[in-house]
$ cat model-v4.cif   # mmCIF, C-alpha atoms
data_target
loop_
_atom_site.label_atom_id
_atom_site.label_comp_id
_atom_site.auth_asym_id
_atom_site.auth_seq_id
_atom_site.Cartn_x
_atom_site.Cartn_y
_atom_site.Cartn_z
CA MET T 585 18.81 -8.30 -3.38
CA THR T 586 16.65 -8.16 -0.26
CA GLU T 587 13.11 -9.45 -0.42
CA LEU T 588 10.36 -7.17 0.88
CA PRO T 589 8.19 -8.71 3.61
CA SER T 590 5.11 -10.37 2.18
CA TRP T 591 2.00 -8.21 2.37
CA LYS T 592 -1.72 -8.95 2.20
CA LEU T 593 -5.05 -7.15 2.08
CA ASP T 594 -7.72 -9.63 3.16
CA ARG T 595 -10.68 -8.10 1.36
CA VAL T 596 -11.31 -5.32 -1.15
CA ASP T 597 -14.24 -3.35 0.20
CA PRO T 598 -16.81 -2.08 -2.37
CA ALA T 599 -17.85 0.74 0.00
CA LYS T 600 -14.40 2.33 -0.40
CA MET T 601 -14.83 2.29 -4.19
CA LYS T 602 -18.03 4.31 -3.83
CA THR T 603 -16.27 6.97 -1.76
CA LEU T 604 -13.43 7.10 -4.23
CA ALA T 605 -15.81 7.44 -7.18
CA LEU T 606 -17.13 10.61 -5.53
CA LEU T 607 -13.67 11.96 -4.69
CA LEU T 608 -12.51 11.32 -8.26
CA ALA T 609 -15.78 12.49 -9.84
CA ASP T 610 -15.52 9.24 -11.81
CA PRO T 611 -18.92 8.43 -13.30
CA ASN T 612 -17.91 4.99 -14.56
CA PRO T 613 -20.52 2.69 -12.97
CA ILE T 614 -18.29 -0.40 -13.01
CA HIS T 615 -16.82 0.95 -9.77
CA PHE T 616 -20.07 1.08 -7.80
CA ASP T 617 -22.89 -0.74 -9.62
CA PRO T 618 -22.55 -4.56 -9.71
CA GLU T 619 -25.01 -4.82 -12.61
CA ALA T 620 -23.00 -2.29 -14.65
CA ALA T 621 -19.80 -4.18 -13.79
CA ARG T 622 -21.43 -7.35 -15.14
CA ARG T 623 -22.65 -5.62 -18.29
CA LEU T 624 -19.62 -3.43 -19.09
CA ALA T 625 -16.66 -5.27 -17.58
CA GLY T 626 -17.94 -8.85 -17.58
CA THR T 627 -17.16 -9.20 -13.89
CA ASP T 628 -19.35 -10.45 -11.06
CA GLN T 629 -18.20 -7.68 -8.70
CA PRO T 630 -17.47 -3.94 -8.96
CA VAL T 631 -14.00 -3.10 -10.25
CA ASN T 632 -11.46 -1.38 -8.02
CA GLN T 633 -10.26 1.97 -9.39
CA GLY T 634 -6.73 1.97 -10.82
CA PRO T 635 -5.36 4.51 -8.34
CA ALA T 636 -6.80 2.48 -5.45
CA THR T 637 -4.88 -0.57 -6.65
CA MET T 638 -1.78 1.60 -7.06
CA ALA T 639 -2.25 2.81 -3.47
CA LEU T 640 -2.07 -0.79 -2.22
CA GLY T 641 1.45 -1.05 -3.65
CA VAL T 642 2.43 2.13 -1.79
CA ASN T 643 0.90 0.78 1.41
CA MET T 644 3.01 -2.35 1.10
CA LEU T 645 6.18 -0.27 0.63
CA LEU T 646 5.41 2.04 3.56
CA SER T 647 4.70 -1.02 5.67
CA ALA T 648 8.16 -2.38 4.76
CA PHE T 649 9.83 1.02 5.40
CA PRO T 650 7.85 2.80 8.16
CA GLY T 651 8.29 6.57 8.12
CA ALA T 652 9.85 6.58 4.66
CA ARG T 653 8.86 9.18 2.07
CA LEU T 654 7.94 7.97 -1.37
CA VAL T 655 9.45 10.15 -4.11
CA SER T 656 8.86 8.12 -7.24
CA TYR T 657 6.40 5.37 -8.14
CA ARG T 658 5.92 3.73 -11.51
CA SER T 659 3.20 1.13 -11.90
CA ARG T 660 1.71 -0.96 -14.66
CA LEU T 661 -1.82 -2.23 -14.13
CA LEU T 662 -2.01 -5.75 -15.50
CA GLY T 663 -5.41 -7.00 -14.40
CA LEU T 664 -8.59 -6.09 -12.59
CA VAL T 665 -8.99 -6.09 -8.83
CA LEU T 666 -12.58 -6.75 -7.81
CA ALA T 667 -14.62 -6.19 -4.70
CA GLN T 668 -14.17 -9.04 -2.20
CA ASP T 669 -10.76 -9.97 -3.66
CA THR T 670 -7.77 -10.73 -1.50
CA VAL T 671 -4.63 -8.94 -2.70
CA GLU T 672 -1.11 -10.14 -1.92
CA GLY T 673 2.14 -8.39 -2.63
CA GLY T 674 5.87 -8.70 -2.60
CA GLY T 675 9.00 -7.31 -4.11
CA THR T 676 12.71 -6.76 -3.78
CA VAL T 677 15.09 -3.96 -2.89
CA LEU T 678 17.10 -3.32 -6.04
CA GLU T 679 19.44 -0.64 -4.79
CA ARG T 680 20.36 1.46 -1.78
CA GLU T 681 22.24 4.70 -2.23
CA ILE T 682 23.00 7.92 -0.41
CA VAL T 683 21.88 11.04 -2.29
CA ASP T 684 22.51 14.45 -0.72
CA GLY T 685 23.01 12.77 2.65
CA GLN T 686 19.74 10.85 2.43
CA GLU T 687 19.46 7.09 2.11
CA ARG T 688 17.26 6.07 -0.80
CA VAL T 689 15.99 2.62 -1.63
CA ARG T 690 14.81 1.57 -5.06
CA CYS T 691 12.36 -1.32 -5.03
CA GLN T 692 10.59 -3.53 -7.49
CA LEU T 693 7.12 -4.60 -6.40
CA HIS T 694 4.15 -6.62 -7.52
CA LEU T 695 0.60 -7.28 -6.42
CA GLU T 696 -1.46 -10.32 -7.25
CA VAL T 697 -4.92 -11.71 -6.69
CA PRO T 698 -4.59 -15.37 -5.69
CA GLY T 699 -5.96 -17.54 -8.50
CA ARG T 700 -5.96 -14.74 -11.10
CA GLY T 701 -2.32 -13.70 -11.14
CA ARG T 702 -0.52 -10.40 -11.13
CA VAL T 703 -2.54 -7.22 -11.19
CA LEU T 704 0.27 -4.67 -10.79
CA GLU T 705 4.00 -4.47 -11.31
CA GLY T 706 6.04 -1.44 -10.48
CA GLU T 707 9.12 0.26 -9.21
CA ALA T 708 9.50 2.90 -6.52
CA VAL T 709 12.08 5.06 -4.81
CA LEU T 710 11.74 5.94 -1.13
CA VAL T 711 13.78 8.20 1.11
CA LEU T 712 14.33 6.53 4.46
CA PRO T 713 13.62 8.44 7.67
CA GLY T 714 16.39 9.92 9.74
CA SER T 715 18.75 10.00 6.81
CA MET B 796 -1.26 19.19 -27.04
CA GLU B 797 -1.97 21.23 -23.93
CA LEU B 798 -4.97 20.43 -21.77
CA PRO B 799 -6.93 23.21 -20.08
CA SER B 800 -5.26 24.03 -16.78
CA GLY B 801 -7.15 24.34 -13.52
CA SER B 802 -6.73 24.27 -9.77
CA THR B 803 -7.65 22.07 -6.86
CA ARG B 804 -7.25 21.65 -3.14
CA LEU B 805 -7.39 18.55 -0.97
CA GLU B 806 -9.54 19.59 1.96
CA PRO B 807 -8.72 17.89 5.29
CA TYR B 808 -11.97 15.87 5.21
CA GLN B 809 -11.17 14.72 1.66
CA ASN B 810 -7.68 13.78 2.81
CA TRP B 811 -9.20 11.64 5.58
CA LEU B 812 -11.61 9.96 3.18
CA LEU B 813 -8.90 9.37 0.62
CA HIS B 814 -6.63 7.67 3.16
CA ASP B 815 -9.57 5.52 4.21
CA SER B 816 -10.45 4.68 0.59
CA PHE B 817 -6.82 3.66 0.06
CA TYR B 818 -6.74 1.35 3.14
CA SER B 819 -4.33 3.77 4.82
CA GLU B 820 -4.53 5.12 8.38
CA PRO B 821 -5.81 8.73 8.09
CA GLN B 822 -3.12 11.31 8.88
CA PRO B 823 -2.45 14.97 7.99
CA GLU B 824 0.06 14.16 5.24
CA PRO B 825 -1.79 13.00 2.14
CA HIS B 826 -1.25 9.53 0.73
CA PRO B 827 1.34 9.68 -2.09
CA VAL B 828 -1.29 8.51 -4.60
CA ALA B 829 -3.30 11.62 -3.68
CA ALA B 830 -1.13 13.27 -6.36
CA PHE B 831 -3.05 11.20 -8.91
CA ILE B 832 -6.38 12.35 -7.48
CA LEU B 833 -5.30 16.01 -7.35
CA ALA B 834 -4.12 15.84 -10.97
CA GLN B 835 -7.44 14.40 -12.08
CA GLN B 836 -9.51 16.78 -9.94
CA GLY B 837 -7.52 19.85 -10.83
CA ILE B 838 -7.06 19.62 -14.57
CA GLY B 839 -9.50 21.90 -16.32
CA LEU B 840 -11.81 19.19 -17.60
CA SER B 841 -13.63 16.24 -16.08
CA LEU B 842 -12.59 12.62 -16.53
CA ALA B 843 -15.55 12.10 -18.87
CA GLU B 844 -14.54 15.20 -20.87
CA LEU B 845 -10.95 13.96 -21.05
CA PHE B 846 -12.10 10.72 -22.68
CA THR B 847 -14.39 12.67 -25.00
CA LEU B 848 -11.30 14.65 -26.03
CA PHE B 849 -9.64 11.32 -26.83
CA GLY B 850 -12.59 10.54 -29.13
CA SER B 851 -13.86 7.93 -26.70
CA ASP B 852 -16.56 7.57 -24.09
CA ILE B 853 -15.99 6.68 -20.46
CA ASN B 854 -18.52 3.85 -20.93
CA ASP B 855 -16.51 2.31 -23.80
CA GLY B 856 -14.08 0.80 -21.32
CA PRO B 857 -10.99 3.03 -21.39
CA LEU B 858 -8.37 1.70 -18.97
CA LEU B 859 -5.59 3.20 -16.92
CA ALA B 860 -2.66 1.10 -18.12
CA GLU B 861 0.30 2.76 -16.41
CA SER B 862 0.96 5.61 -14.05
CA ALA B 863 4.07 7.33 -12.79
CA ILE B 864 4.04 9.64 -9.79
CA ASP B 865 7.05 11.83 -9.01
CA LEU B 866 6.81 13.76 -5.77
CA HIS B 867 9.30 16.61 -5.93
CA HIS B 868 7.99 17.85 -2.56
CA PRO B 869 5.57 16.29 -0.08
CA LEU B 870 1.87 16.98 -0.66
CA ALA B 871 -0.12 18.86 1.97
CA ASP B 872 -3.80 19.01 2.75
CA GLY B 873 -5.47 22.41 2.59
CA THR B 874 -2.96 23.57 -0.02
CA GLY B 875 -4.14 24.88 -3.37
CA TYR B 876 -2.47 23.39 -6.45
CA GLU B 877 -2.48 24.64 -9.98
CA VAL B 878 -2.63 21.71 -12.40
CA ARG B 879 -1.26 21.91 -15.94
CA GLY B 880 -1.52 19.02 -18.35
CA THR B 881 -0.43 17.92 -21.79
CA ILE B 882 -1.11 14.95 -24.06
CA LYS B 883 2.42 13.74 -24.67
CA SER B 884 1.84 10.98 -27.21
CA THR B 885 -0.67 8.71 -28.89
CA GLU B 886 0.28 5.29 -30.25
CA HIS B 887 -2.02 2.83 -31.95
CA ARG B 888 -1.68 -0.77 -30.78
CA THR B 889 -3.49 -4.10 -30.80
CA SER B 890 -3.72 -6.60 -27.97
CA ARG B 891 -5.49 -9.93 -27.54
CA ARG B 892 -7.13 -8.69 -24.35
CA ILE B 893 -8.67 -5.42 -25.52
CA GLY B 894 -8.27 -5.56 -29.31
CA SER B 895 -7.43 -2.36 -31.19
CA PHE B 896 -6.66 0.57 -28.93
CA ASP B 897 -4.79 3.85 -28.63
CA ARG B 898 -2.21 4.20 -25.92
CA ILE B 899 -2.45 7.83 -24.84
CA THR B 900 0.14 9.35 -22.51
CA CYS B 901 -0.80 12.45 -20.51
CA ARG B 902 1.40 14.41 -18.14
CA PHE B 903 -0.01 16.47 -15.29
CA ASP B 904 2.10 18.91 -13.25
CA LEU B 905 0.98 20.15 -9.84
CA TYR B 906 2.30 23.56 -8.78
CA ASP B 907 2.17 25.13 -5.35
CA GLY B 908 2.84 28.88 -5.59
CA GLY B 909 4.68 28.40 -8.87
CA GLU B 910 6.89 25.60 -7.53
CA LEU B 911 6.54 22.15 -9.09
CA THR B 912 5.35 19.80 -6.34
CA ALA B 913 4.41 16.65 -8.24
CA THR B 914 4.26 15.18 -11.71
CA VAL B 915 1.78 12.47 -12.65
CA THR B 916 2.14 10.71 -16.00
CA ASN B 917 -0.73 8.46 -16.95
CA VAL B 918 -1.03 6.07 -19.85
CA TYR B 919 -4.60 5.29 -20.88
CA ALA B 920 -5.61 2.43 -23.16
CA VAL B 921 -8.57 3.67 -25.19
CA PRO B 922 -10.38 0.96 -27.20
CA ARG B 923 -10.98 1.86 -30.83
CA GLU B 924 -13.20 -1.02 -31.87
CA ARG B 925 -15.19 -3.61 -30.03
CA LYS B 926 -13.30 -6.88 -29.60
CA SER B 927 -15.14 -9.72 -31.32
CA ALA B 928 -16.81 -12.18 -28.97
CA SER B 929 -14.75 -15.26 -28.24
#

$ encode --input "model-v4.cif" --output "structure tokens"
Amino acid sequence: MTELPSWKLDRVDPAKMKTLALLLADPNPIHFDPEAARRLAGTDQPVNQGPATMALGVNMLLSAFPGARLVSYRSRLLGLVLAQDTVEGGGTVLEREIVDGQERVRCQLHLEVPGRGRVLEGEAVLVLPGS
Amino acid sequence: MELPSGSTRLEPYQNWLLHDSFYSEPQPEPHPVAAFILAQQGIGLSLAELFTLFGSDINDGPLLAESAIDLHHPLADGTGYEVRGTIKSTEHRTSRRIGSFDRITCRFDLYDGGELTATVTNVYAVPRERKSAS
């Protein structure tokens, strides 16, 4: 199995959570109000939305396979990602196959917050470009 | 159980903002996780109403536990999607982290002109009693 290149997001930006709360019409204040995050989630920072954490896994995969098209993505959210966190990721290529003349890769991936452990595990299938 | 269907569209400015919110360089093709956003935007009830339907409240701490996105065709900005959804299953469980909860699986299908473009299957963990302080 081939390891995916290591990947890192230096800092989770709370401003992006505010934009996403509007786009999602998500009224849950833990994503934009630090006091509500303290009161409702017991955290000292706003909580990243689940789909935003999922998106980081996709970003890592598309960074490993530039120009690829993601066709399937399964993710389990295991822990909270908070504003100001650093997120690191990795994974492995499980399988490569040709389907209808297109090369597909199936990968296992994970994301973690250093010091707090894994926050996402998943699996994805990508179609490689030019195949 | 079927959820009320609805429709949505990812306008180009929303596509830009979504890429930016996802730490992705803005580009015309939507981020793959935009399928999740379109499903949530387009189903015929709000996120808060969805949790009310589950017998919960969005302030009670429901969590997105799992999500699966299948892109049968690439997404496009400026395209209108019809969104149909169903509650596939409900299972009662207990965990040390969140106590007693229901694991509710919902499937959302995005159609473009009658053709299935994407399927999003979300599993929500909906707390059913407050975990005792520890």

$ resolve_selection --input "model-v4.cif" --expression "the PyMOL selection byres ((chain T) within 7 of (chain B))" --output "list in words"
Lys600, Met601, Thr603, Leu604, Leu608, Asp610, Asn612, Gly634, Pro635, Ala636, Ala639, Leu640, Asn643, Leu654, Val655, Ser656, Tyr657, Arg658, Ser659, Arg660 and Leu661 of chain T

$ resolve_selection --input "model-v4.cif" --expression "the PyMOL selection byres ((chain T and resi 662-665) around 12)" --output "count of residues only"
55

$ closest_residue --input "model-v4.cif" --among "T:Leu693, T:Val711, T:Met644, T:Ala609" --to "Val677 in chain T" --atoms "all atoms listed in the file"
T:Leu693

$ resolve_selection --input "model-v4.cif" --expression "the PyMOL selection byres ((chain B and resi 880) around 8)" --output "JSON, numbers by chain"
{"B": [797, 798, 799, 800, 838, 878, 879, 881, 882, 901, 902, 903, 904]}

$ residues_near_point --input "model-v4.cif" --point "(5.6, -8.1, -1.8)" --cutoff "10 Å" --atoms "only C-alpha atoms" --output "NGL selection string"
:T and (587-592 or 641 or 644-645 or 648 or 672-676 or 692-696)

$ atom_distance --input "model-v4.cif" --atom1 "CA of Lys602 in chain T" --atom2 "CA of Asp617 in chain T"
9.1 Å

$ closest_residue --input "model-v4.cif" --among "B:Gly837, B:Leu911, B:Glu824, B:Arg898" --to "Arg653 in chain T" --atoms "all atoms listed in the file"
B:Glu824

$ decode --input "model-v4.cif" --residues "range 647-695 of chain T" --atoms "N, CA and C atoms" --output "compact mmCIF listing (two decimals), in the first residue's frame"
# COMPACT_ATOMS: atom_id res chain seq x y z
N SER T 647 -5.03 17.22 -2.99
CA SER T 647 -3.64 17.65 -2.98
C SER T 647 -2.72 16.49 -3.37
N ALA T 648 -3.09 15.29 -2.95
CA ALA T 648 -2.28 14.10 -3.29
C ALA T 648 -2.48 13.69 -4.75
N PHE T 649 -3.68 13.95 -5.29
CA PHE T 649 -4.01 13.57 -6.67
C PHE T 649 -4.56 14.79 -7.42
N PRO T 650 -3.68 15.73 -7.80
CA PRO T 650 -4.18 16.96 -8.45
C PRO T 650 -4.97 16.65 -9.72
N GLY T 651 -6.10 17.31 -9.87
CA GLY T 651 -6.92 17.14 -11.07
C GLY T 651 -7.84 15.93 -11.02
N ALA T 652 -7.75 15.15 -9.93
CA ALA T 652 -8.63 13.97 -9.83
C ALA T 652 -10.05 14.41 -9.53
N ARG T 653 -11.00 13.52 -9.80
CA ARG T 653 -12.40 13.78 -9.51
C ARG T 653 -12.86 12.80 -8.44
N LEU T 654 -13.35 13.37 -7.35
CA LEU T 654 -13.83 12.51 -6.26
C LEU T 654 -15.22 11.98 -6.62
N VAL T 655 -15.41 10.68 -6.49
CA VAL T 655 -16.73 10.11 -6.81
C VAL T 655 -17.41 9.50 -5.59
N SER T 656 -16.66 9.20 -4.57
CA SER T 656 -17.26 8.61 -3.39
C SER T 656 -16.42 8.97 -2.16
N TYR T 657 -17.10 9.33 -1.09
CA TYR T 657 -16.38 9.75 0.13
C TYR T 657 -17.21 9.36 1.34
N ARG T 658 -16.65 8.50 2.16
CA ARG T 658 -17.32 8.09 3.39
C ARG T 658 -16.48 8.54 4.57
N SER T 659 -17.10 9.23 5.51
CA SER T 659 -16.31 9.75 6.63
C SER T 659 -17.06 9.55 7.94
N ARG T 660 -16.27 9.27 8.96
CA ARG T 660 -16.80 9.18 10.33
C ARG T 660 -16.15 10.29 11.14
N LEU T 661 -16.97 11.08 11.79
CA LEU T 661 -16.45 12.20 12.58
C LEU T 661 -16.27 11.72 14.01
N LEU T 662 -15.02 11.75 14.47
CA LEU T 662 -14.68 11.11 15.74
C LEU T 662 -14.45 12.10 16.88
N GLY T 663 -14.24 13.34 16.54
CA GLY T 663 -13.96 14.33 17.59
C GLY T 663 -14.14 15.73 17.04
N LEU T 664 -14.13 16.69 17.94
CA LEU T 664 -14.38 18.07 17.52
C LEU T 664 -13.10 18.72 17.01
N VAL T 665 -13.27 19.54 15.99
CA VAL T 665 -12.20 20.44 15.52
C VAL T 665 -12.62 21.84 15.95
N LEU T 666 -11.71 22.55 16.58
CA LEU T 666 -12.02 23.86 17.13
C LEU T 666 -11.27 24.96 16.40
N ALA T 667 -11.81 26.15 16.49
CA ALA T 667 -11.08 27.32 15.96
C ALA T 667 -9.69 27.37 16.58
N GLN T 668 -8.73 27.75 15.76
CA GLN T 668 -7.31 27.87 16.11
C GLN T 668 -6.57 26.53 16.09
N ASP T 669 -7.29 25.42 15.93
CA ASP T 669 -6.61 24.11 15.88
C ASP T 669 -5.72 24.01 14.65
N THR T 670 -4.69 23.18 14.79
CA THR T 670 -3.95 22.68 13.63
C THR T 670 -4.53 21.30 13.31
N VAL T 671 -4.68 21.01 12.02
CA VAL T 671 -5.20 19.70 11.63
C VAL T 671 -4.18 19.04 10.71
N GLU T 672 -3.85 17.78 11.02
CA GLU T 672 -2.91 17.03 10.20
C GLU T 672 -3.60 15.79 9.64
N GLY T 673 -3.16 15.37 8.48
CA GLY T 673 -3.82 14.22 7.87
C GLY T 673 -2.85 13.29 7.18
N GLY T 674 -3.36 12.09 6.93
CA GLY T 674 -2.59 11.09 6.21
C GLY T 674 -3.51 9.98 5.73
N GLY T 675 -2.92 8.99 5.12
CA GLY T 675 -3.74 7.88 4.65
C GLY T 675 -2.94 6.97 3.74
N THR T 676 -3.64 6.03 3.15
CA THR T 676 -2.99 5.07 2.26
C THR T 676 -3.86 4.81 1.04
N VAL T 677 -3.20 4.46 -0.05
CA VAL T 677 -3.92 3.99 -1.24
C VAL T 677 -4.18 2.50 -1.04
N LEU T 678 -5.44 2.12 -1.04
CA LEU T 678 -5.79 0.72 -0.81
C LEU T 678 -5.82 -0.08 -2.09
N GLU T 679 -6.20 0.59 -3.17
CA GLU T 679 -6.44 -0.15 -4.42
C GLU T 679 -6.38 0.80 -5.61
N ARG T 680 -5.88 0.31 -6.69
CA ARG T 680 -5.96 1.03 -7.98
C ARG T 680 -6.59 0.08 -8.98
N GLU T 681 -7.55 0.58 -9.73
CA GLU T 681 -8.17 -0.29 -10.73
C GLU T 681 -8.62 0.54 -11.92
N ILE T 682 -8.78 -0.13 -13.04
CA ILE T 682 -9.29 0.54 -14.24
C ILE T 682 -10.76 0.15 -14.39
N VAL T 683 -11.63 1.15 -14.42
CA VAL T 683 -13.06 0.91 -14.60
C VAL T 683 -13.52 1.74 -15.80
N ASP T 684 -14.04 1.07 -16.81
CA ASP T 684 -14.50 1.75 -18.02
C ASP T 684 -13.40 2.66 -18.59
N GLY T 685 -12.19 2.16 -18.58
CA GLY T 685 -11.07 2.90 -19.16
C GLY T 685 -10.54 4.03 -18.29
N GLN T 686 -11.08 4.15 -17.07
CA GLN T 686 -10.61 5.21 -16.17
C GLN T 686 -9.89 4.59 -14.98
N GLU T 687 -8.76 5.20 -14.60
CA GLU T 687 -8.05 4.71 -13.42
C GLU T 687 -8.68 5.28 -12.15
N ARG T 688 -9.03 4.40 -11.26
CA ARG T 688 -9.63 4.81 -9.99
C ARG T 688 -8.71 4.39 -8.84
N VAL T 689 -8.62 5.27 -7.86
CA VAL T 689 -7.87 4.91 -6.65
C VAL T 689 -8.84 4.93 -5.47
N ARG T 690 -8.68 3.93 -4.61
CA ARG T 690 -9.47 3.87 -3.39
C ARG T 690 -8.51 4.11 -2.24
N CYS T 691 -8.84 5.08 -1.41
CA CYS T 691 -7.92 5.49 -0.34
C CYS T 691 -8.61 5.42 1.02
N GLN T 692 -7.80 5.17 2.01
CA GLN T 692 -8.22 5.31 3.40
C GLN T 692 -7.56 6.59 3.89
N LEU T 693 -8.26 7.37 4.70
CA LEU T 693 -7.65 8.62 5.17
C LEU T 693 -8.04 8.88 6.61
N HIS T 694 -7.26 9.73 7.24
CA HIS T 694 -7.59 10.17 8.59
C HIS T 694 -7.11 11.59 8.79
N LEU T 695 -7.77 12.28 9.70
CA LEU T 695 -7.35 13.61 10.13
C LEU T 695 -7.20 13.58 11.64
